[in-house]
$ cat input-v6.pdb   # PDB, C-alpha atoms and all ligand atoms
MODEL        1
ATOM      1  CA  MET K 154       0.000   0.000   0.000  1.00  0.00           C
ATOM      2  CA  VAL K 155       1.031   3.570  -0.673  1.00  0.00           C
ATOM      3  CA  THR K 156      -0.440   6.012   1.866  1.00  0.00           C
ATOM      4  CA  THR K 157      -0.554   9.786   2.332  1.00  0.00           C
ATOM      5  CA  ALA K 158       2.357   9.324   4.764  1.00  0.00           C
ATOM      6  CA  THR K 159       4.414   7.664   1.990  1.00  0.00           C
ATOM      7  CA  VAL K 160       3.649  10.485  -0.440  1.00  0.00           C
ATOM      8  CA  ALA K 161       4.385  13.217   2.122  1.00  0.00           C
ATOM      9  CA  ALA K 162       7.737  11.588   2.938  1.00  0.00           C
ATOM     10  CA  TRP K 163       8.517  11.151  -0.783  1.00  0.00           C
ATOM     11  CA  ILE K 164       7.795  14.772  -1.716  1.00  0.00           C
ATOM     12  CA  THR K 165       9.574  16.131   1.359  1.00  0.00           C
ATOM     13  CA  ARG K 166      12.639  14.007   0.596  1.00  0.00           C
ATOM     14  CA  TYR K 167      12.550  14.996  -3.084  1.00  0.00           C
ATOM     15  CA  ALA K 168      12.514  18.689  -2.152  1.00  0.00           C
ATOM     16  CA  ALA K 169      15.516  18.111   0.137  1.00  0.00           C
ATOM     17  CA  ILE K 170      17.471  16.302  -2.608  1.00  0.00           C
ATOM     18  CA  ILE K 171      16.669  19.131  -5.029  1.00  0.00           C
ATOM     19  CA  ASP K 172      17.827  21.642  -2.457  1.00  0.00           C
ATOM     20  CA  GLU K 173      21.095  19.752  -1.854  1.00  0.00           C
ATOM     21  CA  ASN K 174      21.705  19.520  -5.612  1.00  0.00           C
ATOM     22  CA  GLU K 175      20.461  22.916  -6.749  1.00  0.00           C
ATOM     23  CA  ALA K 176      23.950  24.044  -7.750  1.00  0.00           C
ATOM     24  CA  LEU K 177      24.607  20.828  -9.700  1.00  0.00           C
ATOM     25  CA  LEU K 178      21.311  21.127 -11.624  1.00  0.00           C
ATOM     26  CA  THR K 179      22.185  24.712 -12.512  1.00  0.00           C
ATOM     27  CA  GLU K 180      25.677  23.663 -13.569  1.00  0.00           C
ATOM     28  CA  LEU K 181      24.200  20.979 -15.864  1.00  0.00           C
ATOM     29  CA  ASP K 182      21.824  23.585 -17.338  1.00  0.00           C
ATOM     30  CA  SER K 183      24.727  25.978 -18.091  1.00  0.00           C
ATOM     31  CA  PRO K 184      26.405  24.471 -21.176  1.00  0.00           C
ATOM     32  CA  ILE K 185      23.148  23.281 -22.822  1.00  0.00           C
ATOM     33  CA  GLY K 186      20.565  25.665 -21.340  1.00  0.00           C
ATOM     34  CA  ASP K 187      20.181  28.907 -19.460  1.00  0.00           C
ATOM     35  CA  ALA K 188      21.475  27.892 -16.023  1.00  0.00           C
ATOM     36  CA  ASP K 189      18.153  28.051 -14.184  1.00  0.00           C
ATOM     37  CA  HIS K 190      17.065  24.429 -13.715  1.00  0.00           C
ATOM     38  CA  GLY K 191      18.351  24.268 -10.125  1.00  0.00           C
ATOM     39  CA  ALA K 192      16.592  27.492  -9.155  1.00  0.00           C
ATOM     40  CA  ASN K 193      13.418  26.464 -11.006  1.00  0.00           C
ATOM     41  CA  MET K 194      13.173  23.096  -9.268  1.00  0.00           C
ATOM     42  CA  ALA K 195      14.124  24.479  -5.855  1.00  0.00           C
ATOM     43  CA  ARG K 196      11.479  27.222  -6.089  1.00  0.00           C
ATOM     44  CA  GLY K 197       8.778  24.812  -7.231  1.00  0.00           C
ATOM     45  CA  MET K 198       9.505  22.119  -4.666  1.00  0.00           C
ATOM     46  CA  ALA K 199       9.834  24.619  -1.813  1.00  0.00           C
ATOM     47  CA  ALA K 200       6.241  25.629  -2.582  1.00  0.00           C
ATOM     48  CA  ALA K 201       5.112  21.989  -2.902  1.00  0.00           C
ATOM     49  CA  VAL K 202       6.090  20.852   0.589  1.00  0.00           C
ATOM     50  CA  PRO K 203       4.366  23.093   3.187  1.00  0.00           C
ATOM     51  CA  GLY K 204       1.391  21.282   4.725  1.00  0.00           C
ATOM     52  CA  ILE K 205       1.778  18.184   2.510  1.00  0.00           C
ATOM     53  CA  ASP K 206       1.722  15.873   5.563  1.00  0.00           C
ATOM     54  CA  ALA K 207      -1.692  17.249   6.569  1.00  0.00           C
ATOM     55  CA  VAL K 208      -3.367  16.833   3.162  1.00  0.00           C
ATOM     56  CA  PRO K 209      -5.890  13.994   3.629  1.00  0.00           C
ATOM     57  CA  THR K 210      -5.790  12.248   0.241  1.00  0.00           C
ATOM     58  CA  ILE K 211      -3.030  11.197  -2.162  1.00  0.00           C
ATOM     59  CA  ASP K 212      -4.606  12.863  -5.170  1.00  0.00           C
ATOM     60  CA  ALA K 213      -4.835  16.183  -3.307  1.00  0.00           C
ATOM     61  CA  GLN K 214      -1.173  15.840  -2.287  1.00  0.00           C
ATOM     62  CA  LEU K 215      -0.099  15.243  -5.886  1.00  0.00           C
ATOM     63  CA  LYS K 216      -2.309  18.123  -7.007  1.00  0.00           C
ATOM     64  CA  GLN K 217      -0.579  20.417  -4.498  1.00  0.00           C
ATOM     65  CA  VAL K 218       2.807  19.471  -5.991  1.00  0.00           C
ATOM     66  CA  GLY K 219       1.562  19.897  -9.571  1.00  0.00           C
ATOM     67  CA  MET K 220       0.046  23.318  -8.855  1.00  0.00           C
ATOM     68  CA  ALA K 221       3.250  24.460  -7.138  1.00  0.00           C
ATOM     69  CA  MET K 222       5.333  23.427 -10.161  1.00  0.00           C
ATOM     70  CA  LEU K 223       2.892  25.067 -12.562  1.00  0.00           C
ATOM     71  CA  SER K 224       2.567  28.340 -10.690  1.00  0.00           C
ATOM     72  CA  LYS K 225       6.086  28.836  -9.304  1.00  0.00           C
ATOM     73  CA  VAL K 226       8.339  27.638 -12.116  1.00  0.00           C
ATOM     74  CA  GLY K 227       8.776  29.908 -15.093  1.00  0.00           C
ATOM     75  CA  GLY K 228      10.842  27.429 -17.135  1.00  0.00           C
ATOM     76  CA  THR K 229       9.708  24.644 -19.435  1.00  0.00           C
ATOM     77  CA  SER K 230      10.156  22.148 -16.637  1.00  0.00           C
ATOM     78  CA  GLY K 231       7.369  23.701 -14.499  1.00  0.00           C
ATOM     79  CA  PRO K 232       4.425  22.928 -16.792  1.00  0.00           C
ATOM     80  CA  LEU K 233       5.967  19.519 -17.598  1.00  0.00           C
ATOM     81  CA  TYR K 234       6.371  18.424 -13.970  1.00  0.00           C
ATOM     82  CA  GLY K 235       3.007  20.079 -13.308  1.00  0.00           C
ATOM     83  CA  THR K 236       1.433  17.819 -15.921  1.00  0.00           C
ATOM     84  CA  LEU K 237       3.121  14.726 -14.427  1.00  0.00           C
ATOM     85  CA  PHE K 238       1.728  15.351 -10.931  1.00  0.00           C
ATOM     86  CA  LEU K 239      -1.701  16.682 -11.952  1.00  0.00           C
ATOM     87  CA  ARG K 240      -2.368  13.782 -14.324  1.00  0.00           C
ATOM     88  CA  ALA K 241      -1.168  11.256 -11.745  1.00  0.00           C
ATOM     89  CA  ALA K 242      -3.568  12.877  -9.247  1.00  0.00           C
ATOM     90  CA  MET K 243      -6.480  12.651 -11.695  1.00  0.00           C
ATOM     91  CA  ALA K 244      -5.764   8.961 -12.216  1.00  0.00           C
ATOM     92  CA  LEU K 245      -6.113   8.178  -8.502  1.00  0.00           C
ATOM     93  CA  GLY K 246      -9.221   9.863  -7.123  1.00  0.00           C
ATOM     94  CA  ALA K 247      -9.710  10.953  -3.509  1.00  0.00           C
ATOM     95  CA  ARG K 248      -8.180   8.207  -1.385  1.00  0.00           C
ATOM     96  CA  ALA K 249      -5.815   8.120   1.586  1.00  0.00           C
ATOM     97  CA  GLU K 250      -4.201   4.854   0.489  1.00  0.00           C
ATOM     98  CA  VAL K 251      -3.913   2.938  -2.767  1.00  0.00           C
ATOM     99  CA  ALA K 252      -2.362  -0.322  -3.889  1.00  0.00           C
ATOM    100  CA  SER K 253       1.269   0.049  -4.969  1.00  0.00           C
ATOM    101  CA  SER K 254       0.311  -1.051  -8.469  1.00  0.00           C
ATOM    102  CA  GLU K 255      -2.338   1.691  -8.734  1.00  0.00           C
ATOM    103  CA  PHE K 256       0.193   4.270  -7.585  1.00  0.00           C
ATOM    104  CA  ALA K 257       2.688   3.021 -10.183  1.00  0.00           C
ATOM    105  CA  GLU K 258       0.010   3.114 -12.875  1.00  0.00           C
ATOM    106  CA  ALA K 259      -0.869   6.707 -11.930  1.00  0.00           C
ATOM    107  CA  LEU K 260       2.786   7.756 -12.173  1.00  0.00           C
ATOM    108  CA  ALA K 261       3.017   6.042 -15.570  1.00  0.00           C
ATOM    109  CA  THR K 262      -0.083   7.937 -16.720  1.00  0.00           C
ATOM    110  CA  GLY K 263       1.475  11.187 -15.515  1.00  0.00           C
ATOM    111  CA  ALA K 264       4.785  10.446 -17.241  1.00  0.00           C
ATOM    112  CA  ALA K 265       3.006   9.635 -20.497  1.00  0.00           C
ATOM    113  CA  ALA K 266       1.042  12.905 -20.274  1.00  0.00           C
ATOM    114  CA  LEU K 267       4.284  14.815 -19.686  1.00  0.00           C
ATOM    115  CA  ALA K 268       5.888  13.230 -22.757  1.00  0.00           C
ATOM    116  CA  GLU K 269       2.812  14.060 -24.809  1.00  0.00           C
ATOM    117  CA  ARG K 270       2.773  17.668 -23.618  1.00  0.00           C
ATOM    118  CA  GLY K 271       6.493  18.068 -24.369  1.00  0.00           C
ATOM    119  CA  LYS K 272       6.148  16.101 -27.613  1.00  0.00           C
ATOM    120  CA  ALA K 273       9.280  14.289 -26.435  1.00  0.00           C
ATOM    121  CA  ASP K 274      10.211  10.734 -27.288  1.00  0.00           C
ATOM    122  CA  PRO K 275      12.819   8.605 -25.535  1.00  0.00           C
ATOM    123  CA  GLY K 276      16.198   9.501 -27.051  1.00  0.00           C
ATOM    124  CA  ASP K 277      15.423  13.232 -27.389  1.00  0.00           C
ATOM    125  CA  LYS K 278      17.680  14.027 -24.376  1.00  0.00           C
ATOM    126  CA  THR K 279      15.017  15.206 -21.926  1.00  0.00           C
ATOM    127  CA  MET K 280      13.538  14.228 -18.582  1.00  0.00           C
ATOM    128  CA  VAL K 281      11.498  11.638 -20.483  1.00  0.00           C
ATOM    129  CA  ASP K 282      14.697   9.582 -20.853  1.00  0.00           C
ATOM    130  CA  ALA K 283      14.746   9.068 -17.076  1.00  0.00           C
ATOM    131  CA  LEU K 284      10.999   9.044 -16.389  1.00  0.00           C
ATOM    132  CA  ALA K 285       9.800   6.575 -19.014  1.00  0.00           C
ATOM    133  CA  PRO K 286      12.171   3.717 -18.070  1.00  0.00           C
ATOM    134  CA  ALA K 287      11.610   4.410 -14.361  1.00  0.00           C
ATOM    135  CA  VAL K 288       7.824   4.114 -14.430  1.00  0.00           C
ATOM    136  CA  ALA K 289       8.107   1.068 -16.698  1.00  0.00           C
ATOM    137  CA  ALA K 290      10.521  -0.595 -14.252  1.00  0.00           C
ATOM    138  CA  LEU K 291       8.267   0.261 -11.296  1.00  0.00           C
ATOM    139  CA  GLU K 292       5.220  -1.303 -12.951  1.00  0.00           C
ATOM    140  CA  ARG K 293       7.189  -4.315 -14.193  1.00  0.00           C
ATOM    141  CA  ALA K 294       8.705  -5.119 -10.785  1.00  0.00           C
ATOM    142  CA  LEU K 295       5.313  -4.884  -9.058  1.00  0.00           C
ATOM    143  CA  SER K 296       3.641  -7.059 -11.686  1.00  0.00           C
ATOM    144  CA  GLU K 297       6.377  -9.652 -11.153  1.00  0.00           C
ATOM    145  CA  GLY K 298       5.395  -9.766  -7.478  1.00  0.00           C
ATOM    146  CA  HIS K 299       8.185  -7.686  -5.945  1.00  0.00           C
ATOM    147  CA  GLY K 300       7.388  -5.479  -2.961  1.00  0.00           C
ATOM    148  CA  PHE K 301       7.185  -1.704  -3.230  1.00  0.00           C
ATOM    149  CA  ALA K 302      10.689  -1.118  -1.808  1.00  0.00           C
ATOM    150  CA  ASP K 303      12.299  -3.452  -4.369  1.00  0.00           C
ATOM    151  CA  ALA K 304      10.212  -1.961  -7.171  1.00  0.00           C
ATOM    152  CA  ALA K 305      11.222   1.583  -6.186  1.00  0.00           C
ATOM    153  CA  ALA K 306      14.871   0.492  -6.167  1.00  0.00           C
ATOM    154  CA  ALA K 307      14.458  -0.954  -9.681  1.00  0.00           C
ATOM    155  CA  ALA K 308      12.775   2.274 -10.782  1.00  0.00           C
ATOM    156  CA  PHE K 309      15.645   4.386  -9.460  1.00  0.00           C
ATOM    157  CA  GLU K 310      18.196   2.131 -11.154  1.00  0.00           C
ATOM    158  CA  ALA K 311      16.336   2.541 -14.472  1.00  0.00           C
ATOM    159  CA  ALA K 312      15.946   6.307 -13.990  1.00  0.00           C
ATOM    160  CA  ASP K 313      19.609   6.762 -13.198  1.00  0.00           C
ATOM    161  CA  ALA K 314      20.676   4.680 -16.194  1.00  0.00           C
ATOM    162  CA  GLY K 315      18.303   6.800 -18.295  1.00  0.00           C
ATOM    163  CA  ARG K 316      19.846   9.980 -16.901  1.00  0.00           C
ATOM    164  CA  GLU K 317      23.348   8.764 -17.717  1.00  0.00           C
ATOM    165  CA  ALA K 318      22.301   7.693 -21.205  1.00  0.00           C
ATOM    166  CA  THR K 319      21.374  11.308 -22.053  1.00  0.00           C
ATOM    167  CA  THR K 320      25.055  12.361 -22.017  1.00  0.00           C
ATOM    168  CA  PRO K 321      25.986  11.186 -25.540  1.00  0.00           C
ATOM    169  CA  MET K 322      22.587  12.097 -26.996  1.00  0.00           C
ATOM    170  CA  LEU K 323      21.912  14.914 -29.439  1.00  0.00           C
ATOM    171  CA  ALA K 324      19.156  17.122 -27.977  1.00  0.00           C
ATOM    172  CA  ARG K 325      15.975  17.258 -30.043  1.00  0.00           C
ATOM    173  CA  LYS K 326      13.709  19.167 -27.643  1.00  0.00           C
ATOM    174  CA  GLY K 327      13.949  22.290 -25.506  1.00  0.00           C
ATOM    175  CA  ARG K 328      16.712  24.870 -25.334  1.00  0.00           C
ATOM    176  CA  ALA K 329      19.480  22.274 -25.658  1.00  0.00           C
ATOM    177  CA  SER K 330      18.199  21.406 -29.157  1.00  0.00           C
ATOM    178  CA  TYR K 331      19.253  24.881 -30.366  1.00  0.00           C
ATOM    179  CA  LEU K 332      22.861  23.738 -29.887  1.00  0.00           C
ATOM    180  CA  GLY K 333      22.629  20.787 -32.251  1.00  0.00           C
ATOM    181  CA  GLU K 334      25.847  18.744 -32.170  1.00  0.00           C
ATOM    182  CA  ARG K 335      27.206  20.897 -29.338  1.00  0.00           C
ATOM    183  CA  SER K 336      24.612  19.365 -27.009  1.00  0.00           C
ATOM    184  CA  VAL K 337      26.429  16.025 -27.230  1.00  0.00           C
ATOM    185  CA  GLY K 338      28.569  15.140 -24.218  1.00  0.00           C
ATOM    186  CA  HIS K 339      26.455  16.908 -21.586  1.00  0.00           C
ATOM    187  CA  THR K 340      24.055  15.201 -19.194  1.00  0.00           C
ATOM    188  CA  ASP K 341      20.510  16.569 -19.386  1.00  0.00           C
ATOM    189  CA  PRO K 342      19.514  18.573 -16.291  1.00  0.00           C
ATOM    190  CA  GLY K 343      15.842  17.559 -16.470  1.00  0.00           C
ATOM    191  CA  ALA K 344      16.731  13.870 -16.686  1.00  0.00           C
ATOM    192  CA  THR K 345      18.853  14.412 -13.583  1.00  0.00           C
ATOM    193  CA  SER K 346      16.033  16.043 -11.574  1.00  0.00           C
ATOM    194  CA  ALA K 347      13.698  13.282 -12.784  1.00  0.00           C
ATOM    195  CA  ALA K 348      16.095  10.579 -11.563  1.00  0.00           C
ATOM    196  CA  TYR K 349      16.083  12.260  -8.133  1.00  0.00           C
ATOM    197  CA  LEU K 350      12.322  11.715  -7.982  1.00  0.00           C
ATOM    198  CA  PHE K 351      12.951   7.981  -7.938  1.00  0.00           C
ATOM    199  CA  ARG K 352      15.973   8.250  -5.653  1.00  0.00           C
ATOM    200  CA  ALA K 353      13.615   9.915  -3.149  1.00  0.00           C
ATOM    201  CA  LEU K 354      10.972   7.216  -3.692  1.00  0.00           C
ATOM    202  CA  GLN K 355      13.527   4.451  -3.132  1.00  0.00           C
ATOM    203  CA  GLU K 356      14.739   6.125   0.051  1.00  0.00           C
ATOM    204  CA  VAL K 357      11.262   6.345   1.607  1.00  0.00           C
ATOM    205  CA  ALA K 358       9.762   3.087   0.246  1.00  0.00           C
TER
HETATM  206  P1  LIG D   1      14.037  25.976 -19.457  1.00  0.00           P
HETATM  207  O1  LIG D   1      14.574  25.080 -20.515  1.00  0.00           O
HETATM  208  O2  LIG D   1      12.811  26.695 -19.878  1.00  0.00           O
HETATM  209  O3  LIG D   1      15.101  26.880 -18.915  1.00  0.00           O
HETATM  210  P2  LIG D   1      14.464  24.222 -17.206  1.00  0.00           P
HETATM  211  O4  LIG D   1      15.884  24.642 -17.306  1.00  0.00           O
HETATM  212  O5  LIG D   1      13.854  24.306 -15.844  1.00  0.00           O
HETATM  213  O6  LIG D   1      13.567  25.023 -18.231  1.00  0.00           O
HETATM  214  O7  LIG D   1      14.302  22.714 -17.673  1.00  0.00           O
HETATM  215  C1  LIG D   1      15.076  22.194 -18.726  1.00  0.00           C
HETATM  216  C2  LIG D   1      14.744  20.723 -18.877  1.00  0.00           C
HETATM  217  O8  LIG D   1      13.428  20.564 -19.345  1.00  0.00           O
HETATM  218  C3  LIG D   1      15.617  20.012 -19.889  1.00  0.00           C
HETATM  219  O9  LIG D   1      16.824  19.562 -19.309  1.00  0.00           O
HETATM  220  C4  LIG D   1      14.737  18.862 -20.354  1.00  0.00           C
HETATM  221  O10 LIG D   1      14.925  17.712 -19.553  1.00  0.00           O
HETATM  222  C5  LIG D   1      13.339  19.378 -20.102  1.00  0.00           C
HETATM  223  N1  LIG D   1      12.653  19.681 -21.366  1.00  0.00           N
HETATM  224  C6  LIG D   1      12.801  20.779 -22.134  1.00  0.00           C
HETATM  225  N2  LIG D   1      11.966  20.712 -23.200  1.00  0.00           N
HETATM  226  C7  LIG D   1      11.293  19.533 -23.087  1.00  0.00           C
HETATM  227  C8  LIG D   1      10.286  18.887 -23.855  1.00  0.00           C
HETATM  228  N3  LIG D   1       9.787  19.424 -24.980  1.00  0.00           N
HETATM  229  N4  LIG D   1       9.822  17.689 -23.424  1.00  0.00           N
HETATM  230  C9  LIG D   1      10.301  17.133 -22.305  1.00  0.00           C
HETATM  231  N5  LIG D   1      11.246  17.705 -21.532  1.00  0.00           N
HETATM  232  C10 LIG D   1      11.727  18.887 -21.910  1.00  0.00           C
HETATM  233 MG    MG D   2      16.870  26.227 -18.075  1.00  0.00          MG
ENDMDL
END

$ encode --input "input-v6.pdb" --output "structure tokens"
Amino acid sequence: MVTTATVAAWITRYAAIIDENEALLTELDSPIGDADHGANMARGMAAAVPGIDAVPTIDAQLKQVGMAMLSKVGGTSGPLYGTLFLRAAMALGARAEVASSEFAEALATGAAALAERGKADPGDKTMVDALAPAVAALERALSEGHGFADAAAAAFEAADAGREATTPMLARKGRASYLGERSVGHTDPGATSAAYLFRALQEVA
């Protein structure tokens, strides 16, 4: 089961990881972007956390995170992460606990909506390169009968491999795509912040 306590711990931990790595995310966004991904994510997640442990249902928690990302982040990543959380919330309905598989399915729905909104495919060197394999690994591990902690660990492993795989890619979406060949050899900042989402999930699962 995934409960409101799980989600509160996950989001709180994610915000802390973002905070600890704000400078790194900005550094990654310097050569292939405009050096604001760290500040964008830190601002959005700082607004997502207050009161999250008192929100009574999982969908309302995820909606709080999505609205914070949408309203506080000026960059491309705000509406994209906003879509991920808001669509995951819509998939769940007002409940205080859900089966792990339903939670995984909701995250997969959110990740698919994000990819659709960004018109990004795997291999385009975006956050989708971390998110898509992570939600697939989460769902696969649960369907094979693994517990939530093991499934979250598999999801993080897939997300982190996806993040790393963006380094040699040629960017086809977002600001990095303006650089063409010069985008090659740099790890995508959004794929890095997306991998942290699953690092946080693994840590609290
Ligand atoms: P901005 O590019 O507006 O400055 P951020 O720096 O916060 O916004 O976020 C950049 C990240 O957003 C990129 O590293 C990439 O992962 C992600 N991104 C950009 N465009 C897209 C897109 N069309 N689809 C999916 N992800 C995207
Ligand atoms: Mg940027």

$ closest_atom_pairs --input "input-v6.pdb" --of "chain K" --to "ligand MG 2 (chain D)" --cutoff "7 Å" --atoms "only C-alpha atoms and all ligand atoms" --output "JSON lines"
{"residue": "K:Asp182", "atom": "CA", "partner": "D:MG2", "partner_atom": "MG", "distance": 5.7}
{"residue": "K:Gly186", "atom": "CA", "partner": "D:MG2", "partner_atom": "MG", "distance": 5.0}
{"residue": "K:Asp187", "atom": "CA", "partner": "D:MG2", "partner_atom": "MG", "distance": 4.5}
{"residue": "K:Ala188", "atom": "CA", "partner": "D:MG2", "partner_atom": "MG", "distance": 5.3}
{"residue": "K:Asp189", "atom": "CA", "partner": "D:MG2", "partner_atom": "MG", "distance": 4.5}
{"residue": "K:His190", "atom": "CA", "partner": "D:MG2", "partner_atom": "MG", "distance": 4.7}
{"residue": "K:Gly228", "atom": "CA", "partner": "D:MG2", "partner_atom": "MG", "distance": 6.2}

$ residues_near_ligand --input "input-v6.pdb" --ligand "ligand LIG 1 (chain D)" --cutoff "6 Å" --atoms "only C-alpha atoms and all ligand atoms" --output "VMD selection string"
chain K and resid 187 189 to 190 193 228 to 230 268 271 to 273 279 to 281 326 to 328 341 to 344

$ closest_residue --input "input-v6.pdb" --among "K:Glu292, K:Glu317, K:Glu255, K:Glu269" --to "Ala304 of chain K" --atoms "all atoms listed in the file"
K:Glu292

$ residues_around --input "input-v6.pdb" --residues "Val218 of chain K" --least-positions-apart "3" --cutoff "12 Å" --atoms "all atoms listed in the file" --output "MDAnalysis selection string"
chainID K and resid 160:161 163:165 167:168 194 196:205 208 211:215 221:226 231:232 234:242

$ write_last_selection --input "input-v6.pdb" --atoms "C-alpha atoms" --output "PDB file, keeping the file's coordinate frame"
ATOM      1  CA  VAL K 160       3.649  10.485  -0.440  1.00  0.00           C
ATOM      2  CA  ALA K 161       4.385  13.217   2.122  1.00  0.00           C
ATOM      3  CA  TRP K 163       8.517  11.151  -0.783  1.00  0.00           C
ATOM      4  CA  ILE K 164       7.795  14.772  -1.716  1.00  0.00           C
ATOM      5  CA  THR K 165       9.574  16.131   1.359  1.00  0.00           C
ATOM      6  CA  TYR K 167      12.550  14.996  -3.084  1.00  0.00           C
ATOM      7  CA  ALA K 168      12.514  18.689  -2.152  1.00  0.00           C
ATOM      8  CA  MET K 194      13.173  23.096  -9.268  1.00  0.00           C
ATOM      9  CA  ARG K 196      11.479  27.222  -6.089  1.00  0.00           C
ATOM     10  CA  GLY K 197       8.778  24.812  -7.231  1.00  0.00           C
ATOM     11  CA  MET K 198       9.505  22.119  -4.666  1.00  0.00           C
ATOM     12  CA  ALA K 199       9.834  24.619  -1.813  1.00  0.00           C
ATOM     13  CA  ALA K 200       6.241  25.629  -2.582  1.00  0.00           C
ATOM     14  CA  ALA K 201       5.112  21.989  -2.902  1.00  0.00           C
ATOM     15  CA  VAL K 202       6.090  20.852   0.589  1.00  0.00           C
ATOM     16  CA  PRO K 203       4.366  23.093   3.187  1.00  0.00           C
ATOM     17  CA  GLY K 204       1.391  21.282   4.725  1.00  0.00           C
ATOM     18  CA  ILE K 205       1.778  18.184   2.510  1.00  0.00           C
ATOM     19  CA  VAL K 208      -3.367  16.833   3.162  1.00  0.00           C
ATOM     20  CA  ILE K 211      -3.030  11.197  -2.162  1.00  0.00           C
ATOM     21  CA  ASP K 212      -4.606  12.863  -5.170  1.00  0.00           C
ATOM     22  CA  ALA K 213      -4.835  16.183  -3.307  1.00  0.00           C
ATOM     23  CA  GLN K 214      -1.173  15.840  -2.287  1.00  0.00           C
ATOM     24  CA  LEU K 215      -0.099  15.243  -5.886  1.00  0.00           C
ATOM     25  CA  ALA K 221       3.250  24.460  -7.138  1.00  0.00           C
ATOM     26  CA  MET K 222       5.333  23.427 -10.161  1.00  0.00           C
ATOM     27  CA  LEU K 223       2.892  25.067 -12.562  1.00  0.00           C
ATOM     28  CA  SER K 224       2.567  28.340 -10.690  1.00  0.00           C
ATOM     29  CA  LYS K 225       6.086  28.836  -9.304  1.00  0.00           C
ATOM     30  CA  VAL K 226       8.339  27.638 -12.116  1.00  0.00           C
ATOM     31  CA  GLY K 231       7.369  23.701 -14.499  1.00  0.00           C
ATOM     32  CA  PRO K 232       4.425  22.928 -16.792  1.00  0.00           C
ATOM     33  CA  TYR K 234       6.371  18.424 -13.970  1.00  0.00           C
ATOM     34  CA  GLY K 235       3.007  20.079 -13.308  1.00  0.00           C
ATOM     35  CA  THR K 236       1.433  17.819 -15.921  1.00  0.00           C
ATOM     36  CA  LEU K 237       3.121  14.726 -14.427  1.00  0.00           C
ATOM     37  CA  PHE K 238       1.728  15.351 -10.931  1.00  0.00           C
ATOM     38  CA  LEU K 239      -1.701  16.682 -11.952  1.00  0.00           C
ATOM     39  CA  ARG K 240      -2.368  13.782 -14.324  1.00  0.00           C
ATOM     40  CA  ALA K 241      -1.168  11.256 -11.745  1.00  0.00           C
ATOM     41  CA  ALA K 242      -3.568  12.877  -9.247  1.00  0.00           C
TER      42      ALA K 242
END

$ closest_residue --input "input-v6.pdb" --among "K:Leu332, K:Ala290, K:Ala195, K:Ala347" --to "Leu267 of chain K" --atoms "all atoms listed in the file"
K:Ala347

$ resolve_selection --input "input-v6.pdb" --expression "the PyMOL selection byres (((chain K and resi 282) around 8) and not hetatm)" --output "short mmCIF file (atom, residue, chain, number, x, y, z; two decimals) with C-alpha atoms, in the frame of the given file"
data_model
loop_
_atom_site.label_atom_id
_atom_site.label_comp_id
_atom_site.auth_asym_id
_atom_site.auth_seq_id
_atom_site.Cartn_x
_atom_site.Cartn_y
_atom_site.Cartn_z
CA ASP K 274 10.21 10.73 -27.29
CA PRO K 275 12.82 8.60 -25.54
CA GLY K 276 16.20 9.50 -27.05
CA ASP K 277 15.42 13.23 -27.39
CA LYS K 278 17.68 14.03 -24.38
CA THR K 279 15.02 15.21 -21.93
CA MET K 280 13.54 14.23 -18.58
CA VAL K 281 11.50 11.64 -20.48
CA ALA K 283 14.75 9.07 -17.08
CA LEU K 284 11.00 9.04 -16.39
CA ALA K 285 9.80 6.58 -19.01
CA PRO K 286 12.17 3.72 -18.07
CA ALA K 312 15.95 6.31 -13.99
CA GLY K 315 18.30 6.80 -18.30
CA ARG K 316 19.85 9.98 -16.90
CA ALA K 318 22.30 7.69 -21.20
CA THR K 319 21.37 11.31 -22.05
CA ALA K 344 16.73 13.87 -16.69
#

$ resolve_selection --input "input-v6.pdb" --expression "the PyMOL selection byres (((chain K and resi 258) around 12) and not hetatm)" --output "list in words"
Arg240, Ala241, Ala242, Met243, Ala244, Leu245, Val251, Ala252, Ser253, Ser254, Glu255, Phe256, Ala257, Ala259, Leu260, Ala261, Thr262, Gly263, Ala264, Ala265, Ala287, Val288, Ala289, Ala290, Leu291, Glu292, Arg293, Leu295 and Ser296 of chain K

$ closest_residue --input "input-v6.pdb" --among "K:Thr179, K:Ser330, K:Gln355, K:Thr156" --to "Pro209 of chain K" --atoms "only C-alpha atoms"
K:Thr156

$ resolve_selection --input "input-v6.pdb" --expression "the PyMOL selection byres (((chain K and resi 339) around 9) and not hetatm)" --output "mmCIF file with C-alpha atoms, in the coordinates of the input"
data_model
loop_
_atom_site.group_PDB
_atom_site.id
_atom_site.type_symbol
_atom_site.label_atom_id
_atom_site.label_comp_id
_atom_site.auth_asym_id
_atom_site.auth_seq_id
_atom_site.Cartn_x
_atom_site.Cartn_y
_atom_site.Cartn_z
ATOM 1 C CA LEU K 181 24.200 20.979 -15.864
ATOM 2 C CA PRO K 184 26.405 24.471 -21.176
ATOM 3 C CA ILE K 185 23.148 23.281 -22.822
ATOM 4 C CA THR K 319 21.374 11.308 -22.053
ATOM 5 C CA THR K 320 25.055 12.361 -22.017
ATOM 6 C CA PRO K 321 25.986 11.186 -25.540
ATOM 7 C CA MET K 322 22.587 12.097 -26.996
ATOM 8 C CA ARG K 335 27.206 20.897 -29.338
ATOM 9 C CA SER K 336 24.612 19.365 -27.009
ATOM 10 C CA VAL K 337 26.429 16.025 -27.230
ATOM 11 C CA GLY K 338 28.569 15.140 -24.218
ATOM 12 C CA THR K 340 24.055 15.201 -19.194
ATOM 13 C CA ASP K 341 20.510 16.569 -19.386
ATOM 14 C CA PRO K 342 19.514 18.573 -16.291
#

$ closest_residue --input "input-v6.pdb" --among "K:Phe351, K:Thr157, K:Gln217, K:Ser346" --to "Ala305 of chain K" --atoms "only C-alpha atoms"
K:Phe351
